[in-house]
>>> print(open('target-v8.tsv').read())   # TSV, N, CA and C atoms and all ligand atoms
chain	number	residue	atom	x	y	z
A	1	ASP	N	-21.46	13.98	-0.81
A	1	ASP	CA	-22.65	13.14	-1.07
A	1	ASP	C	-23.18	12.59	0.26
A	2	PRO	N	-24.27	13.14	0.77
A	2	PRO	CA	-24.80	12.75	2.08
A	2	PRO	C	-25.18	11.26	2.17
A	3	GLU	N	-25.60	10.68	1.07
A	3	GLU	CA	-25.94	9.25	1.11
A	3	GLU	C	-24.72	8.38	1.33
A	4	LEU	N	-23.62	8.77	0.68
A	4	LEU	CA	-22.37	8.02	0.83
A	4	LEU	C	-21.86	8.16	2.27
A	5	VAL	N	-21.99	9.36	2.82
A	5	VAL	CA	-21.57	9.58	4.21
A	5	VAL	C	-22.40	8.71	5.16
A	6	ALA	N	-23.70	8.63	4.92
A	6	ALA	CA	-24.59	7.81	5.77
A	6	ALA	C	-24.22	6.34	5.66
A	7	LYS	N	-23.92	5.89	4.45
A	7	LYS	CA	-23.48	4.51	4.26
A	7	LYS	C	-22.15	4.27	4.99
A	8	GLY	N	-21.29	5.26	4.92
A	8	GLY	CA	-20.00	5.15	5.59
A	8	GLY	C	-20.14	5.09	7.10
A	9	GLU	N	-21.09	5.83	7.63
A	9	GLU	CA	-21.33	5.81	9.07
A	9	GLU	C	-21.74	4.40	9.52
A	10	LYS	N	-22.57	3.75	8.72
A	10	LYS	CA	-22.97	2.36	9.03
A	10	LYS	C	-21.76	1.42	8.95
A	11	THR	N	-21.01	1.56	7.89
A	11	THR	CA	-19.86	0.67	7.69
A	11	THR	C	-18.81	0.90	8.78
A	12	PHE	N	-18.77	2.10	9.32
A	12	PHE	CA	-17.78	2.42	10.37
A	12	PHE	C	-18.01	1.58	11.64
A	13	LYS	N	-19.15	0.91	11.73
A	13	LYS	CA	-19.38	-0.01	12.87
A	13	LYS	C	-18.25	-1.04	12.97
A	14	LYS	N	-17.67	-1.39	11.83
A	14	LYS	CA	-16.57	-2.36	11.83
A	14	LYS	C	-15.31	-1.81	12.48
A	15	CYS	N	-15.26	-0.53	12.65
A	15	CYS	CA	-14.06	0.13	13.19
A	15	CYS	C	-14.24	0.52	14.65
A	16	LYS	N	-15.50	0.55	15.08
A	16	LYS	CA	-15.83	1.14	16.38
A	16	LYS	C	-15.31	0.37	17.58
A	17	ALA	N	-14.95	-0.89	17.41
A	17	ALA	CA	-14.36	-1.62	18.52
A	17	ALA	C	-13.07	-0.92	18.96
A	18	CYS	N	-12.45	-0.21	18.05
A	18	CYS	CA	-11.14	0.39	18.33
A	18	CYS	C	-11.07	1.90	18.11
A	19	HIS	N	-11.94	2.45	17.26
A	19	HIS	CA	-11.81	3.86	16.89
A	19	HIS	C	-13.06	4.67	17.20
A	20	GLN	N	-12.85	5.92	17.56
A	20	GLN	CA	-13.94	6.88	17.71
A	20	GLN	C	-13.71	8.06	16.77
A	21	VAL	N	-14.82	8.66	16.35
A	21	VAL	CA	-14.76	9.86	15.51
A	21	VAL	C	-15.94	10.73	15.90
A	22	GLY	N	-15.79	12.03	15.73
A	22	GLY	CA	-16.89	12.94	16.04
A	22	GLY	C	-16.63	13.69	17.33
A	23	GLU	N	-17.65	14.44	17.76
A	23	GLU	CA	-17.51	15.27	18.95
A	23	GLU	C	-17.19	14.41	20.17
A	24	GLY	N	-16.20	14.82	20.92
A	24	GLY	CA	-15.86	14.10	22.14
A	24	GLY	C	-15.10	12.80	21.92
A	25	ALA	N	-14.73	12.51	20.68
A	25	ALA	CA	-14.02	11.26	20.38
A	25	ALA	C	-12.65	11.24	21.06
A	26	LYS	N	-12.26	10.05	21.51
A	26	LYS	CA	-10.95	9.86	22.16
A	26	LYS	C	-10.24	8.67	21.55
A	27	SER	N	-8.95	8.63	21.72
A	27	SER	CA	-8.20	7.44	21.34
A	27	SER	C	-8.50	6.32	22.33
A	28	LYS	N	-8.70	5.12	21.83
A	28	LYS	CA	-8.94	3.94	22.66
A	28	LYS	C	-7.89	2.90	22.27
A	29	THR	N	-8.35	1.73	21.80
A	29	THR	CA	-7.39	0.76	21.25
A	29	THR	C	-6.71	1.34	20.01
A	30	GLY	N	-7.47	2.08	19.25
A	30	GLY	CA	-6.94	2.78	18.07
A	30	GLY	C	-7.00	4.28	18.27
A	31	PRO	N	-6.26	5.03	17.47
A	31	PRO	CA	-6.25	6.49	17.60
A	31	PRO	C	-7.57	7.12	17.18
A	32	VAL	N	-7.87	8.26	17.77
A	32	VAL	CA	-9.03	9.06	17.35
A	32	VAL	C	-8.88	9.41	15.88
A	33	LEU	N	-9.98	9.41	15.13
A	33	LEU	CA	-9.88	9.62	13.68
A	33	LEU	C	-10.43	10.96	13.21
A	34	ASN	N	-10.71	11.88	14.12
A	34	ASN	CA	-11.12	13.22	13.68
A	34	ASN	C	-9.99	13.86	12.88
A	35	GLY	N	-10.34	14.39	11.73
A	35	GLY	CA	-9.35	15.11	10.92
A	35	GLY	C	-8.35	14.22	10.21
A	36	ILE	N	-8.64	12.92	10.12
A	36	ILE	CA	-7.62	12.00	9.59
A	36	ILE	C	-7.38	12.19	8.09
A	37	VAL	N	-8.42	12.57	7.34
A	37	VAL	CA	-8.20	12.76	5.89
A	37	VAL	C	-7.36	14.02	5.70
A	38	GLY	N	-6.19	13.83	5.14
A	38	GLY	CA	-5.26	14.94	4.95
A	38	GLY	C	-4.22	15.08	6.05
A	39	ALA	N	-4.34	14.24	7.10
A	39	ALA	CA	-3.39	14.32	8.22
A	39	ALA	C	-2.15	13.48	7.95
A	40	GLN	N	-1.07	13.85	8.62
A	40	GLN	CA	0.13	13.01	8.60
A	40	GLN	C	-0.15	11.73	9.37
A	41	ALA	N	0.35	10.61	8.91
A	41	ALA	CA	0.18	9.33	9.60
A	41	ALA	C	0.87	9.36	10.96
A	42	GLY	N	0.22	8.71	11.93
A	42	GLY	CA	0.86	8.53	13.23
A	42	GLY	C	0.95	9.79	14.07
A	43	ALA	N	0.00	10.69	13.92
A	43	ALA	CA	0.16	12.00	14.56
A	43	ALA	C	-0.89	12.34	15.62
A	44	ALA	N	-1.77	11.40	15.97
A	44	ALA	CA	-2.74	11.72	17.03
A	44	ALA	C	-2.00	11.85	18.36
A	45	GLU	N	-2.23	12.96	19.02
A	45	GLU	CA	-1.47	13.27	20.23
A	45	GLU	C	-1.77	12.25	21.33
A	46	GLY	N	-0.71	11.77	21.96
A	46	GLY	CA	-0.87	10.89	23.11
A	46	GLY	C	-1.11	9.43	22.77
A	47	PHE	N	-1.26	9.09	21.48
A	47	PHE	CA	-1.48	7.68	21.13
A	47	PHE	C	-0.15	6.99	20.88
A	48	ARG	N	-0.01	5.78	21.40
A	48	ARG	CA	1.24	5.02	21.18
A	48	ARG	C	1.13	4.18	19.92
A	49	TYR	N	1.66	4.69	18.85
A	49	TYR	CA	1.65	3.98	17.56
A	49	TYR	C	2.76	2.95	17.50
A	50	SER	N	2.64	2.07	16.50
A	50	SER	CA	3.74	1.16	16.17
A	50	SER	C	4.92	1.98	15.63
A	51	LYS	N	6.09	1.38	15.69
A	51	LYS	CA	7.27	2.01	15.08
A	51	LYS	C	7.03	2.22	13.58
A	52	ALA	N	6.34	1.25	12.97
A	52	ALA	CA	6.10	1.32	11.53
A	52	ALA	C	5.27	2.55	11.17
A	53	MET	N	4.23	2.82	11.98
A	53	MET	CA	3.36	3.97	11.68
A	53	MET	C	4.10	5.29	11.91
A	54	VAL	N	4.86	5.34	12.98
A	54	VAL	CA	5.64	6.56	13.26
A	54	VAL	C	6.64	6.81	12.13
A	55	ALA	N	7.31	5.75	11.70
A	55	ALA	CA	8.31	5.89	10.63
A	55	ALA	C	7.65	6.34	9.33
A	56	ALA	N	6.46	5.81	9.05
A	56	ALA	CA	5.75	6.19	7.82
A	56	ALA	C	5.39	7.67	7.85
A	57	GLY	N	4.91	8.14	9.00
A	57	GLY	CA	4.58	9.56	9.13
A	57	GLY	C	5.81	10.43	9.00
A	58	ASP	N	6.90	10.00	9.64
A	58	ASP	CA	8.15	10.76	9.56
A	58	ASP	C	8.66	10.83	8.12
A	59	ALA	N	8.39	9.75	7.37
A	59	ALA	CA	8.85	9.71	5.97
A	59	ALA	C	7.91	10.49	5.05
A	60	GLY	N	6.83	11.03	5.62
A	60	GLY	CA	5.98	11.91	4.82
A	60	GLY	C	4.62	11.35	4.43
A	61	LEU	N	4.25	10.19	5.00
A	61	LEU	CA	2.93	9.64	4.63
A	61	LEU	C	1.80	10.53	5.13
A	62	VAL	N	0.96	10.95	4.21
A	62	VAL	CA	-0.23	11.74	4.50
A	62	VAL	C	-1.44	10.90	4.08
A	63	TRP	N	-2.47	10.87	4.94
A	63	TRP	CA	-3.65	10.05	4.64
A	63	TRP	C	-4.59	10.75	3.66
A	64	ASN	N	-4.19	10.77	2.40
A	64	ASN	CA	-5.15	11.22	1.38
A	64	ASN	C	-6.04	10.03	1.02
A	65	GLU	N	-7.00	10.24	0.15
A	65	GLU	CA	-7.97	9.18	-0.16
A	65	GLU	C	-7.30	7.92	-0.71
A	66	GLU	N	-6.30	8.13	-1.53
A	66	GLU	CA	-5.63	7.00	-2.17
A	66	GLU	C	-4.90	6.12	-1.14
A	67	GLU	N	-4.16	6.78	-0.24
A	67	GLU	CA	-3.40	6.03	0.77
A	67	GLU	C	-4.36	5.35	1.76
A	68	LEU	N	-5.42	6.05	2.15
A	68	LEU	CA	-6.39	5.44	3.06
A	68	LEU	C	-7.03	4.21	2.43
A	69	ALA	N	-7.38	4.32	1.16
A	69	ALA	CA	-8.03	3.19	0.47
A	69	ALA	C	-7.11	1.98	0.46
A	70	ALA	N	-5.84	2.20	0.20
A	70	ALA	CA	-4.88	1.08	0.14
A	70	ALA	C	-4.68	0.48	1.53
A	71	PHE	N	-4.58	1.33	2.55
A	71	PHE	CA	-4.40	0.85	3.93
A	71	PHE	C	-5.62	0.05	4.38
A	72	LEU	N	-6.82	0.58	4.14
A	72	LEU	CA	-8.03	-0.06	4.65
A	72	LEU	C	-8.36	-1.36	3.93
A	73	ALA	N	-7.86	-1.52	2.72
A	73	ALA	CA	-8.10	-2.77	1.99
A	73	ALA	C	-7.33	-3.92	2.63
A	74	LYS	N	-6.10	-3.66	3.05
A	74	LYS	CA	-5.24	-4.70	3.62
A	74	LYS	C	-4.18	-4.06	4.50
A	75	PRO	N	-4.55	-3.71	5.72
A	75	PRO	CA	-3.63	-2.93	6.56
A	75	PRO	C	-2.23	-3.54	6.69
A	76	LYS	N	-2.17	-4.82	6.97
A	76	LYS	CA	-0.86	-5.42	7.26
A	76	LYS	C	-0.01	-5.65	6.01
A	77	ALA	N	-0.67	-5.74	4.87
A	77	ALA	CA	0.10	-5.84	3.62
A	77	ALA	C	0.60	-4.45	3.21
A	78	TYR	N	-0.24	-3.45	3.45
A	78	TYR	CA	0.12	-2.08	3.10
A	78	TYR	C	1.27	-1.58	3.97
A	79	MET	N	1.19	-1.91	5.28
A	79	MET	CA	2.21	-1.41	6.21
A	79	MET	C	2.72	-2.54	7.10
A	80	LYS	N	3.86	-3.06	6.72
A	80	LYS	CA	4.48	-4.13	7.51
A	80	LYS	C	4.77	-3.57	8.90
A	81	GLY	N	4.29	-4.26	9.94
A	81	GLY	CA	4.59	-3.83	11.30
A	81	GLY	C	3.51	-2.98	11.95
A	82	THR	N	2.43	-2.66	11.22
A	82	THR	CA	1.36	-1.89	11.85
A	82	THR	C	0.72	-2.74	12.94
A	83	LYS	N	0.27	-2.07	14.01
A	83	LYS	CA	-0.42	-2.82	15.05
A	83	LYS	C	-1.94	-2.73	14.92
A	84	MET	N	-2.41	-2.27	13.76
A	84	MET	CA	-3.86	-2.30	13.53
A	84	MET	C	-4.28	-3.72	13.19
A	85	ALA	N	-4.94	-4.38	14.16
A	85	ALA	CA	-5.32	-5.79	14.01
A	85	ALA	C	-6.69	-5.88	13.33
A	86	PHE	N	-6.69	-5.65	12.05
A	86	PHE	CA	-7.94	-5.62	11.27
A	86	PHE	C	-7.61	-6.19	9.90
A	87	ALA	N	-8.42	-7.15	9.45
A	87	ALA	CA	-8.10	-7.85	8.21
A	87	ALA	C	-8.21	-6.96	6.98
A	88	GLY	N	-9.12	-5.98	7.04
A	88	GLY	CA	-9.31	-5.11	5.89
A	88	GLY	C	-10.72	-5.19	5.36
A	89	LEU	N	-11.06	-4.24	4.53
A	89	LEU	CA	-12.40	-4.17	3.93
A	89	LEU	C	-12.32	-4.75	2.53
A	90	LYS	N	-13.19	-5.71	2.24
A	90	LYS	CA	-13.12	-6.39	0.93
A	90	LYS	C	-13.74	-5.56	-0.19
A	91	LYS	N	-14.79	-4.82	0.16
A	91	LYS	CA	-15.54	-4.14	-0.91
A	91	LYS	C	-15.06	-2.70	-1.12
A	92	ASP	N	-14.72	-2.39	-2.37
A	92	ASP	CA	-14.31	-1.02	-2.71
A	92	ASP	C	-15.38	-0.01	-2.33
A	93	ALA	N	-16.65	-0.41	-2.45
A	93	ALA	CA	-17.75	0.51	-2.13
A	93	ALA	C	-17.76	0.86	-0.65
A	94	ASP	N	-17.42	-0.12	0.20
A	94	ASP	CA	-17.35	0.15	1.65
A	94	ASP	C	-16.19	1.09	1.96
A	95	ILE	N	-15.07	0.88	1.29
A	95	ILE	CA	-13.90	1.74	1.50
A	95	ILE	C	-14.22	3.17	1.10
A	96	GLU	N	-14.85	3.31	-0.05
A	96	GLU	CA	-15.21	4.64	-0.55
A	96	GLU	C	-16.15	5.34	0.44
A	97	ALA	N	-17.12	4.57	0.97
A	97	ALA	CA	-18.11	5.15	1.89
A	97	ALA	C	-17.45	5.56	3.22
A	98	ILE	N	-16.58	4.71	3.75
A	98	ILE	CA	-15.92	5.05	5.02
A	98	ILE	C	-15.04	6.29	4.85
A	99	ILE	N	-14.36	6.39	3.73
A	99	ILE	CA	-13.52	7.57	3.51
A	99	ILE	C	-14.40	8.83	3.43
A	100	ALA	N	-15.56	8.73	2.79
A	100	ALA	CA	-16.49	9.88	2.73
A	100	ALA	C	-16.94	10.26	4.14
A	101	TYR	N	-17.21	9.24	4.96
A	101	TYR	CA	-17.61	9.49	6.36
A	101	TYR	C	-16.48	10.16	7.15
A	102	LEU	N	-15.26	9.64	7.01
A	102	LEU	CA	-14.12	10.24	7.71
A	102	LEU	C	-13.86	11.66	7.20
A	103	GLN	N	-14.04	11.84	5.91
A	103	GLN	CA	-13.86	13.18	5.31
A	103	GLN	C	-14.85	14.17	5.93
A	104	SER	N	-16.05	13.69	6.26
A	104	SER	CA	-17.06	14.58	6.84
A	104	SER	C	-16.68	15.01	8.26
A	105	HIS	N	-15.69	14.35	8.85
A	105	HIS	CA	-15.16	14.72	10.16
A	105	HIS	C	-13.73	15.24	10.05
A	106	SER	N	-13.35	15.71	8.87
A	106	SER	CA	-11.97	16.16	8.67
A	106	SER	C	-11.94	17.63	8.25
B	201	LIG	C1	-4.65	3.02	12.90
B	201	LIG	C2	-8.70	3.48	10.28
B	201	LIG	C3	-10.34	-0.69	12.18
B	201	LIG	C4	-6.85	-0.44	15.52
B	201	LIG	C5	-5.57	3.47	11.97
B	201	LIG	C6	-5.38	4.57	11.07
B	201	LIG	C7	-6.51	4.70	10.36
B	201	LIG	C8	-7.43	3.67	10.78
B	201	LIG	C9	-6.79	5.72	9.28
B	201	LIG	C10	-4.13	5.45	11.01
B	201	LIG	C11	-4.33	6.54	12.04
B	201	LIG	C12	-3.22	7.57	12.15
B	201	LIG	O1	-2.27	7.55	11.37
B	201	LIG	O2	-3.35	8.41	13.07
B	201	LIG	C13	-9.51	2.39	10.58
B	201	LIG	C14	-10.78	2.12	9.96
B	201	LIG	C15	-11.21	0.91	10.44
B	201	LIG	C16	-10.24	0.46	11.42
B	201	LIG	C17	-11.47	3.05	8.96
B	201	LIG	C18	-12.43	0.11	10.02
B	201	LIG	C19	-12.69	-0.11	8.69
B	201	LIG	C20	-9.57	-0.96	13.29
B	201	LIG	C21	-9.82	-2.01	14.25
B	201	LIG	C22	-8.83	-1.95	15.20
B	201	LIG	C23	-7.96	-0.86	14.81
B	201	LIG	C24	-11.01	-2.98	14.20
B	201	LIG	C25	-8.59	-2.83	16.42
B	201	LIG	C26	-8.78	-4.18	16.35
B	201	LIG	C27	-5.93	0.49	15.08
B	201	LIG	C28	-4.63	0.71	15.71
B	201	LIG	C29	-4.00	1.69	14.93
B	201	LIG	C30	-4.91	2.06	13.87
B	201	LIG	C31	-4.08	0.00	16.96
B	201	LIG	C32	-2.57	2.20	15.10
B	201	LIG	C33	-1.72	1.36	14.15
B	201	LIG	C34	-0.22	1.49	14.31
B	201	LIG	O3	0.24	2.25	15.17
B	201	LIG	O4	0.47	0.80	13.56
B	201	LIG	N1	-6.81	2.94	11.77
B	201	LIG	N2	-9.23	1.37	11.46
B	201	LIG	N3	-8.44	-0.27	13.66
B	201	LIG	N4	-6.05	1.31	13.99
B	201	LIG	FE1	-7.61	1.32	12.71
>>> encode(input="target-v8.tsv", output="structure tokens")
Amino acid sequence: DPELVAKGEKTFKKCKACHQVGEGAKSKTGPVLNGIVGAQAGAAEGFRYSKAMVAAGDAGLVWNEEELAAFLAKPKAYMKGTKMAFAGLKKDADIEAIIAYLQSHS
């Protein structure tokens, strides 16, 4: 749905202080998010993740839509020990739109 992707691109402004996605994207404060939908957690090359994120990936966490939605709603409640310093997205509609946007780069 192109409209949802466009809405997600706008909402992604909340993430841009730390994350990049798209052509030429690099890891900064947060890991690059190209290909994140369907990827194993904690797997961006060269990024120094928290122990919690590495352990979650090793235990088999894959960022499908359901897991992403739960993480983005309340990162620190979802994953004790994550170093993602972000309170979370309150609106389900924003979460849905951001996931559609990330999916368009996955
Ligand atoms: C990790 C998404 C906002 C910093 C992640 C991951 C995702 C994500 C999917 C896991 C990546 C992976 O497993 O490779 C988002 C989205 C955001 C957002 C969609 C906006 C709604 C932020 C902000 C910051 C941040 C604002 C910085 C203040 C980080 C860091 C990690 C991370 C440092 C690594 C966490 C760890 O190793 O525990 N983010 N993020 N993120 N994000 Fe964000």
>>> residues_near_ligand(input="target-v8.tsv", ligand="ligand LIG 201 (chain B)", cutoff="6.5 Å", atoms="only N, CA and C atoms and all ligand atoms", output="MDAnalysis selection string")
chainID A and resid 11:12 14:19 29:32 36 40:44 48:54 68 72 81:86 88:89 98
>>> atom_distance(input="target-v8.tsv", atom1="atom CA of A:Ala100", atom2="atom CA of A:Glu67")
13.8 Å
>>> residues_near_point(input="target-v8.tsv", point="(-18.3, 4.4, 3.1)", cutoff="10 Å", atoms="only C-alpha atoms", output="short mmCIF file (atom, residue, chain, number, x, y, z; two decimals) with N, CA and C atoms, in the frame of the given file")
data_model
loop_
_atom_site.label_atom_id
_atom_site.label_comp_id
_atom_site.auth_asym_id
_atom_site.auth_seq_id
_atom_site.Cartn_x
_atom_site.Cartn_y
_atom_site.Cartn_z
N GLU A 3 -25.60 10.68 1.07
CA GLU A 3 -25.94 9.25 1.11
C GLU A 3 -24.72 8.38 1.33
N LEU A 4 -23.62 8.77 0.68
CA LEU A 4 -22.37 8.02 0.83
C LEU A 4 -21.86 8.16 2.27
N VAL A 5 -21.99 9.36 2.82
CA VAL A 5 -21.57 9.58 4.21
C VAL A 5 -22.40 8.71 5.16
N ALA A 6 -23.70 8.63 4.92
CA ALA A 6 -24.59 7.81 5.77
C ALA A 6 -24.22 6.34 5.66
N LYS A 7 -23.92 5.89 4.45
CA LYS A 7 -23.48 4.51 4.26
C LYS A 7 -22.15 4.27 4.99
N GLY A 8 -21.29 5.26 4.92
CA GLY A 8 -20.00 5.15 5.59
C GLY A 8 -20.14 5.09 7.10
N GLU A 9 -21.09 5.83 7.63
CA GLU A 9 -21.33 5.81 9.07
C GLU A 9 -21.74 4.40 9.52
N LYS A 10 -22.57 3.75 8.72
CA LYS A 10 -22.97 2.36 9.03
C LYS A 10 -21.76 1.42 8.95
N THR A 11 -21.01 1.56 7.89
CA THR A 11 -19.86 0.67 7.69
C THR A 11 -18.81 0.90 8.78
N PHE A 12 -18.77 2.10 9.32
CA PHE A 12 -17.78 2.42 10.37
C PHE A 12 -18.01 1.58 11.64
N LYS A 91 -14.79 -4.82 0.16
CA LYS A 91 -15.54 -4.14 -0.91
C LYS A 91 -15.06 -2.70 -1.12
N ASP A 92 -14.72 -2.39 -2.37
CA ASP A 92 -14.31 -1.02 -2.71
C ASP A 92 -15.38 -0.01 -2.33
N ALA A 93 -16.65 -0.41 -2.45
CA ALA A 93 -17.75 0.51 -2.13
C ALA A 93 -17.76 0.86 -0.65
N ASP A 94 -17.42 -0.12 0.20
CA ASP A 94 -17.35 0.15 1.65
C ASP A 94 -16.19 1.09 1.96
N ILE A 95 -15.07 0.88 1.29
CA ILE A 95 -13.90 1.74 1.50
C ILE A 95 -14.22 3.17 1.10
N GLU A 96 -14.85 3.31 -0.05
CA GLU A 96 -15.21 4.64 -0.55
C GLU A 96 -16.15 5.34 0.44
N ALA A 97 -17.12 4.57 0.97
CA ALA A 97 -18.11 5.15 1.89
C ALA A 97 -17.45 5.56 3.22
N ILE A 98 -16.58 4.71 3.75
CA ILE A 98 -15.92 5.05 5.02
C ILE A 98 -15.04 6.29 4.85
N ILE A 99 -14.36 6.39 3.73
CA ILE A 99 -13.52 7.57 3.51
C ILE A 99 -14.40 8.83 3.43
N ALA A 100 -15.56 8.73 2.79
CA ALA A 100 -16.49 9.88 2.73
C ALA A 100 -16.94 10.26 4.14
N TYR A 101 -17.21 9.24 4.96
CA TYR A 101 -17.61 9.49 6.36
C TYR A 101 -16.48 10.16 7.15
N LEU A 102 -15.26 9.64 7.01
CA LEU A 102 -14.12 10.24 7.71
C LEU A 102 -13.86 11.66 7.20
#
>>> atom_distance(input="target-v8.tsv", atom1="atom CA of A:Phe71", atom2="atom CA of A:Gly57")
13.5 Å
>>> atom_distance(input="target-v8.tsv", atom1="atom CA of A:Gln20", atom2="atom CA of A:His105")
11.0 Å
>>> closest_residue(input="target-v8.tsv", among="A:Glu66, A:Gly46, A:Pro2, A:Ala25", to="A:Tyr78", atoms="only C-alpha atoms")
A:Glu66
>>> select_by_dssp(input="target-v8.tsv", residues="chain A", states="helix (DSSP H, G or I)", output="ChimeraX atom specification")
/A:2-14,51-58,65-73,75-78,92-103
